[in-house]
Amino acid sequence: MNAVNGPAIEIAGLTKSFGRSHALDGLDLTVGTGEVHGFLGPNGSGKTTTIRILLGLLRADAGTARMLGLDPWQDAVALHRRLAYVPGDVTLWPTITGGEVIDLLGRMRGGLDRTRRDELLERFDLDPRKKARTYSKGNRQKVALVAALASHAELLLLDEPTSGLDPLMEAEFQRCVERAKQDGRTVLLSSHILAEVEALCDRVSIIRLGRTVETGTLRELRHLTRTSITVETARPPAGIDGLPGVHDLVVDDHHARFDVDTAELDAVVRLLAPLGVRSLTSTPPTLEEMFLRHYGDEETRTVPAAIR
Amino acid sequence: MNGLPAALTAEAVKSVAARVVRAASLFIVVGISVLATTLTWAANRGNEQVLAQLGPAADLAGWDRLLGVAAQVTAAGALLGFGVVLSWAIGREFADGTIAGLYGLPVSRASIALAKLVVHLCWTVLVGVLLTAALLLVGLLLGLGPLDSAAASGLARQFVLTVLSGGLALPAAWAATLGRGLLAGVAATIAIIVVAQVAVVAGSGAWLPLAAPALWAIRPDSVSGAQVALALTVPALFTLATVRAWRRLELDR
């Protein structure tokens, strides 16, 4: 593997329009070398456009994109020797077998690890002797995954790679990405499956309308959001509603349930302790909650007051 | 060119496995042979309707008549077959969505396009050999006489015409690239055939690169070497145009 100084992917102020539609509107993204980076956003947020620019399939209108220190458009061939790409909807040449597709892609990428290829075929339970036209969507996805994971690529660009895979195969995929990380590879994982991102990713970037709206480790992102608290106290839990950062408070006799901004957690604990805490459950927000909350808030903000 | 050998291998594997290519090969080789045989046999038996349809080939006899009829059918039929397959080879990558994966490989787009055209050329040469061999067999079976030097020259011209027809279909590759699909290539192929036929009927075919090879194959004395050579400009220009279009192509629709 070639050594990379600095981030594996570095994008700043990237813009891309298709006619009057703005797919990317000043997107920033940094993916460190050896990191598994989750790339999240709803449909149409610009994830695939970003990946297409990184692959040199599109040219950005403005901004800069560097991958492994090279320019995705100018140095596409050199870069593609060092990366493997799995799209969300894999299409294969129908009249050749899955094994032939894997070998063809491997040959074009400068060779693949045949032992690893056979191991992956077994792991993903894929019959490589069948013509590609007979494969289901999930099996087509497996062909692309085996070709990518058996390659010597140091960077994996995975654009919703597990769509169509059943839960067992998804678990296999997660093990493969963990191994890729152990091998020092960098992974950019665009996914709708937030549990998958939560399980695999070191850092996450959330994009909306072509802009990065959040980026950081899951711990950092959780810090920006709310923790759910359910508490039972010896004395009635009075005074919680007066604390800053408390939301959706429901008090029922000696029980209270509420969300609190993580930054205000300390004040809540100090107020509850003298009340005689009998039980307390604190649930950090899942990535899904963070995602939905963020988009829920955004949508609320963008809907005119008259129709809200 | 970056990755040309790998791209050639990939395109060859895809073409060998493709039903479209096999069906088109059968259509061109067997279809043209059967049509030429039937028409020649009917003309030899004095069928007036067929003789009226054969045009200049009606005045010929023996091997010349068979090869003249074959050249007429090849000029339209082979060109159609080659154009459709070339349109499919390019257009299907866009229509099936395989283009994104193809562009994600460490092979330059120019190499991919060139590999497709080189594989097409190899296929046209193979079809040319098979069609020429089939016509030789037909001539012997019809009892057209021994294979003299004139007949051998006629068969050689038939081979050259078949390969040149493959080259004349190259605008289909360019059109399929710009249109990002099969239909634009097929439309370009039909346009080439129509233009060539109209030029021949209008009597100006010798100077039209799209029509000169067929006229030369039927009546070699009616077309000069320079006029036949001019036909090579079509594949040359459209190879450059197609490779350039692939090099500049963005997947923005």
# chains A, B, ... in the order shown; residues from 1 in each chain; ligands from 1

$ closest_atom_pairs --of "segment 94-192 of chain B" --to "segment 61-71 of chain B" --cutoff "10 Å" --atoms "only C-alpha atoms" --output "tab-separated table"
residue	atom	partner	partner_atom	distance
B:Leu131	CA	B:Ala70	CA	9.6
B:Thr132	CA	B:Leu67	CA	9.5
B:Leu135	CA	B:Leu67	CA	7.8
B:Leu136	CA	B:Trp63	CA	9.2
B:Val138	CA	B:Leu66	CA	8.8
B:Gly139	CA	B:Trp63	CA	6.6
B:Leu140	CA	B:Trp63	CA	9.3
B:Leu142	CA	B:Gly62	CA	9.2
B:Gly143	CA	B:Gly62	CA	8.7
B:Leu144	CA	B:Gly62	CA	5.1
B:Gly145	CA	B:Gly62	CA	7.5
B:Pro146	CA	B:Trp63	CA	9.2
B:Leu147	CA	B:Trp63	CA	8.4
B:Asp148	CA	B:Trp63	CA	9.4
B:Ala150	CA	B:Asp64	CA	8.2
B:Ala151	CA	B:Trp63	CA	5.8
B:Ala152	CA	B:Trp63	CA	9.2
B:Ser153	CA	B:Asp64	CA	9.9
B:Gly154	CA	B:Leu67	CA	6.4
B:Leu155	CA	B:Leu67	CA	7.1
B:Arg157	CA	B:Ala71	CA	8.8
B:Gln158	CA	B:Ala71	CA	6.4
B:Phe159	CA	B:Ala71	CA	9.6
B:Leu161	CA	B:Ala71	CA	7.4
B:Thr162	CA	B:Ala71	CA	8.5

$ residues_around --residues "Asp248 of chain A" --least-positions-apart "5" --cutoff "8 Å" --atoms "only C-alpha atoms" --output "compact mmCIF listing (two decimals) with N, CA and C atoms, in the first residue's frame"
# COMPACT_ATOMS: atom_id res chain seq x y z
N ARG A 257 -39.97 11.69 33.04
CA ARG A 257 -39.33 11.26 31.79
C ARG A 257 -39.09 12.51 30.97
N PHE A 258 -37.88 12.69 30.48
CA PHE A 258 -37.57 13.89 29.69
C PHE A 258 -36.29 13.69 28.88
N ASP A 259 -36.10 14.59 27.94
CA ASP A 259 -34.84 14.63 27.18
C ASP A 259 -34.07 15.84 27.66

$ residues_around --residues "Asp103 of chain A" --least-positions-apart "5" --cutoff "10 Å" --atoms "only C-alpha atoms" --output "list of chain:residue names"
A:Thr97, A:Gly98, A:Met108, A:Arg109, A:Gly111, A:Leu112, A:Arg114, A:Arg117, A:Ala147, B:Ala10

$ write_last_selection --atoms "C-alpha atoms" --output "short mmCIF file (atom, residue, chain, number, x, y, z; two decimals), in the first residue's frame"
data_model
loop_
_atom_site.label_atom_id
_atom_site.label_comp_id
_atom_site.auth_asym_id
_atom_site.auth_seq_id
_atom_site.Cartn_x
_atom_site.Cartn_y
_atom_site.Cartn_z
CA THR A 97 -20.73 -15.45 -14.91
CA GLY A 98 -20.28 -13.81 -11.53
CA MET A 108 -8.44 -4.51 -14.68
CA ARG A 109 -7.52 -3.38 -11.15
CA GLY A 111 -4.90 -8.36 -9.86
CA LEU A 112 -6.72 -9.69 -6.83
CA ARG A 114 -7.40 -15.33 -5.13
CA ARG A 117 -11.62 -14.10 -3.31
CA ALA A 147 -14.46 -7.95 -6.31
CA ALA B 10 -12.69 -7.51 -20.92
#

$ residues_around --residues "segment 91-96 of chain A" --least-positions-apart "5" --cutoff "9 Å" --atoms "only C-alpha atoms" --output "NGL selection string"
(:A and (101 or 130-134 or 137 or 140-141 or 143-144)) or (:B and (13-14 or 17-19 or 93 or 96-99 or 101))

$ atom_distance --atom1 "atom CA of Ala52 of chain B" --atom2 "atom CA of Gln72 of chain B"
13.8 Å

$ interface_residues --of "chain B" --to "chain A" --cutoff "6 Å" --atoms "only C-alpha atoms" --output "list in words"
Ala6, Ala17, Ala18, Thr98, Leu105, Pro106, Val107, Ser108, Glu250 and Leu251 of chain B

$ write_last_selection --atoms "C-alpha atoms" --output "mmCIF file, in the first residue's frame"
data_model
loop_
_atom_site.group_PDB
_atom_site.id
_atom_site.type_symbol
_atom_site.label_atom_id
_atom_site.label_comp_id
_atom_site.auth_asym_id
_atom_site.auth_seq_id
_atom_site.Cartn_x
_atom_site.Cartn_y
_atom_site.Cartn_z
ATOM 1 C CA ALA B 6 -6.967 -5.277 -19.814
ATOM 2 C CA ALA B 17 -20.376 -14.352 -24.345
ATOM 3 C CA ALA B 18 -22.935 -12.039 -25.950
ATOM 4 C CA THR B 98 -22.764 -0.733 -16.247
ATOM 5 C CA LEU B 105 -11.898 0.935 -13.107
ATOM 6 C CA PRO B 106 -8.246 1.911 -13.513
ATOM 7 C CA VAL B 107 -8.523 2.008 -17.278
ATOM 8 C CA SER B 108 -8.791 5.262 -19.165
ATOM 9 C CA GLU B 250 -19.371 12.925 -17.739
ATOM 10 C CA LEU B 251 -22.112 10.814 -16.214
#

$ closest_residue --among "B:Trp174, B:Phe27, B:Tyr103, B:Trp41" --to "Ala89 of chain B" --atoms "only C-alpha atoms"
B:Trp174

$ select_by_dssp --residues "segment 98-146 of chain A" --states "alpha helix (DSSP H)" --output "ChimeraX atom specification"
/A:98-108,114-123,137-146

$ residues_around --residues "Val268 of chain A" --least-positions-apart "3" --cutoff "8 Å" --atoms "only C-alpha atoms" --output "MDAnalysis selection string"
chainID A and resid 240 243 264:265 271:272

$ write_last_selection --atoms "N, CA and C atoms" --output "PDB file, in the first residue's frame"
ATOM      1  N   ILE A 240     -37.543  20.339  37.702  1.00  0.00           N
ATOM      2  CA  ILE A 240     -36.833  19.917  36.477  1.00  0.00           C
ATOM      3  C   ILE A 240     -37.171  20.852  35.323  1.00  0.00           C
ATOM      4  N   LEU A 243     -34.976  23.839  34.604  1.00  0.00           N
ATOM      5  CA  LEU A 243     -33.571  23.695  34.198  1.00  0.00           C
ATOM      6  C   LEU A 243     -33.405  23.988  32.698  1.00  0.00           C
ATOM      7  N   GLU A 264     -26.163  19.875  29.272  1.00  0.00           N
ATOM      8  CA  GLU A 264     -26.825  20.305  30.518  1.00  0.00           C
ATOM      9  C   GLU A 264     -27.052  19.141  31.483  1.00  0.00           C
ATOM     10  N   LEU A 265     -26.496  17.980  31.181  1.00  0.00           N
ATOM     11  CA  LEU A 265     -26.731  16.782  31.981  1.00  0.00           C
ATOM     12  C   LEU A 265     -26.281  16.950  33.431  1.00  0.00           C
ATOM     13  N   LEU A 271     -29.610  18.295  40.434  1.00  0.00           N
ATOM     14  CA  LEU A 271     -30.952  18.565  40.952  1.00  0.00           C
ATOM     15  C   LEU A 271     -31.629  17.282  41.441  1.00  0.00           C
ATOM     16  N   LEU A 272     -31.406  16.175  40.733  1.00  0.00           N
ATOM     17  CA  LEU A 272     -32.081  14.923  41.068  1.00  0.00           C
ATOM     18  C   LEU A 272     -31.514  14.270  42.335  1.00  0.00           C
TER      19      LEU A 272
END

$ residues_around --residues "Leu189 of chain A" --least-positions-apart "5" --cutoff "9 Å" --atoms "only C-alpha atoms" --output "CSV table (one decimal) with all heavy atoms, in the first residue's frame"
chain,number,residue,atom,x,y,z
A,36,VAL,N,-12.8,4.5,9.0
A,36,VAL,CA,-14.1,4.2,8.4
A,36,VAL,C,-15.0,5.3,8.6
A,36,VAL,O,-15.3,5.7,9.8
A,36,VAL,CB,-14.6,2.9,9.0
A,36,VAL,CG1,-16.0,2.5,8.3
A,36,VAL,CG2,-13.7,1.7,8.8
A,37,HIS,N,-15.4,6.0,7.5
A,37,HIS,CA,-16.2,7.2,7.6
A,37,HIS,C,-17.6,7.0,7.1
A,37,HIS,O,-17.8,6.6,6.0
A,37,HIS,CB,-15.4,8.3,6.9
A,37,HIS,CG,-15.9,9.7,7.2
A,37,HIS,ND1,-15.2,10.6,8.0
A,37,HIS,CD2,-17.0,10.3,6.8
A,37,HIS,CE1,-15.9,11.7,8.1
A,37,HIS,NE2,-17.0,11.6,7.4
A,38,GLY,N,-18.5,7.3,8.0
A,38,GLY,CA,-19.9,7.2,7.6
A,38,GLY,C,-20.4,8.4,6.8
A,38,GLY,O,-20.1,9.5,7.3
A,39,PHE,N,-21.1,8.2,5.7
A,39,PHE,CA,-21.5,9.4,4.9
A,39,PHE,C,-23.0,9.3,4.8
A,39,PHE,O,-23.6,8.4,4.1
A,39,PHE,CB,-20.8,9.2,3.5
A,39,PHE,CG,-20.9,10.4,2.7
A,39,PHE,CD1,-20.7,11.7,3.2
A,39,PHE,CD2,-21.0,10.3,1.3
A,39,PHE,CE1,-20.7,12.8,2.4
A,39,PHE,CE2,-21.0,11.4,0.5
A,39,PHE,CZ,-20.9,12.7,1.0
A,40,LEU,N,-23.7,10.1,5.6
A,40,LEU,CA,-25.1,10.0,5.8
A,40,LEU,C,-25.9,11.1,5.2
A,40,LEU,O,-25.4,12.3,5.2
A,40,LEU,CB,-25.5,9.9,7.2
A,40,LEU,CG,-24.8,8.8,8.1
A,40,LEU,CD1,-25.2,8.9,9.5
A,40,LEU,CD2,-25.2,7.4,7.5
A,156,LEU,N,-11.7,2.2,-0.1
A,156,LEU,CA,-13.0,1.6,-0.5
A,156,LEU,C,-14.1,2.6,-0.5
A,156,LEU,O,-14.3,3.2,0.5
A,156,LEU,CB,-13.4,0.4,0.4
A,156,LEU,CG,-12.4,-0.8,0.5
A,156,LEU,CD1,-12.8,-1.8,1.6
A,156,LEU,CD2,-12.3,-1.5,-0.8
A,157,LEU,N,-14.7,2.9,-1.7
A,157,LEU,CA,-15.8,3.8,-1.8
A,157,LEU,C,-17.1,2.9,-1.9
A,157,LEU,O,-17.3,2.3,-2.9
A,157,LEU,CB,-15.7,4.7,-3.0
A,157,LEU,CG,-14.5,5.7,-3.0
A,157,LEU,CD1,-14.6,6.5,-4.3
A,157,LEU,CD2,-14.6,6.6,-1.8
A,158,LEU,N,-17.8,2.9,-0.8
A,158,LEU,CA,-19.0,2.0,-0.7
A,158,LEU,C,-20.3,2.9,-0.7
A,158,LEU,O,-20.5,3.6,0.3
A,158,LEU,CB,-18.9,1.1,0.5
A,158,LEU,CG,-17.6,0.4,0.7
A,158,LEU,CD1,-17.6,-0.4,1.9
A,158,LEU,CD2,-17.3,-0.5,-0.5
A,159,ASP,N,-21.0,2.9,-1.7
A,159,ASP,CA,-22.2,3.7,-1.8
A,159,ASP,C,-23.5,2.8,-1.6
A,159,ASP,O,-24.0,2.2,-2.5
A,159,ASP,CB,-22.3,4.3,-3.2
A,159,ASP,CG,-23.4,5.4,-3.4
A,159,ASP,OD1,-24.1,5.6,-2.4
A,159,ASP,OD2,-23.6,5.9,-4.5
A,160,GLU,N,-23.9,2.8,-0.4
A,160,GLU,CA,-25.0,1.9,0.0
A,160,GLU,C,-24.8,0.5,-0.4
A,160,GLU,O,-25.6,-0.1,-1.2
A,160,GLU,CB,-26.4,2.5,-0.5
A,160,GLU,CG,-26.6,3.8,0.1
A,160,GLU,CD,-27.9,4.5,-0.3
A,160,GLU,OE1,-28.8,3.8,-0.9
A,160,GLU,OE2,-28.0,5.7,-0.1
A,161,PRO,N,-23.7,-0.1,0.0
A,161,PRO,CA,-23.3,-1.4,-0.5
A,161,PRO,C,-24.1,-2.6,-0.1
A,161,PRO,O,-24.0,-3.6,-0.7
A,161,PRO,CB,-21.8,-1.5,0.0
A,161,PRO,CG,-21.8,-0.8,1.3
A,161,PRO,CD,-22.8,0.4,1.1
A,197,VAL,N,-23.8,2.0,10.2
A,197,VAL,CA,-22.8,3.1,10.4
A,197,VAL,C,-22.4,3.2,11.8
A,197,VAL,O,-21.2,3.3,12.1
A,197,VAL,CB,-23.5,4.4,9.9
A,197,VAL,CG1,-22.6,5.6,10.2
A,197,VAL,CG2,-23.8,4.3,8.4
A,201,CYS,N,-18.4,2.8,11.9
A,201,CYS,CA,-17.7,4.0,11.6
A,201,CYS,C,-17.0,4.7,12.7
A,201,CYS,O,-17.5,4.8,13.8
A,201,CYS,CB,-18.7,5.0,10.9
A,201,CYS,SG,-19.3,4.3,9.4

$ atom_distance --atom1 "atom CA of Arg123 of chain A" --atom2 "atom CA of Lys47 of chain A"
28.6 Å

$ residues_around --residues "Ala113 of chain B" --least-positions-apart "2" --cutoff "12 Å" --atoms "only C-alpha atoms" --output "number ranges by chain"
B: 1-4, 7-8, 10-11, 86, 89-91, 93, 99, 102-103, 107-111, 115-120, 170, 173-174, 176-177, 238-249

$ atom_distance --atom1 "atom CA of Val31 of chain A" --atom2 "atom CA of Arg203 of chain A"
8.3 Å

$ select_by_dssp --residues "segment 174-263 of chain A" --states "strand (DSSP E)" --output "ChimeraX atom specification"
/A:186-190,203-208,211-217,226-233,246-252,255-261
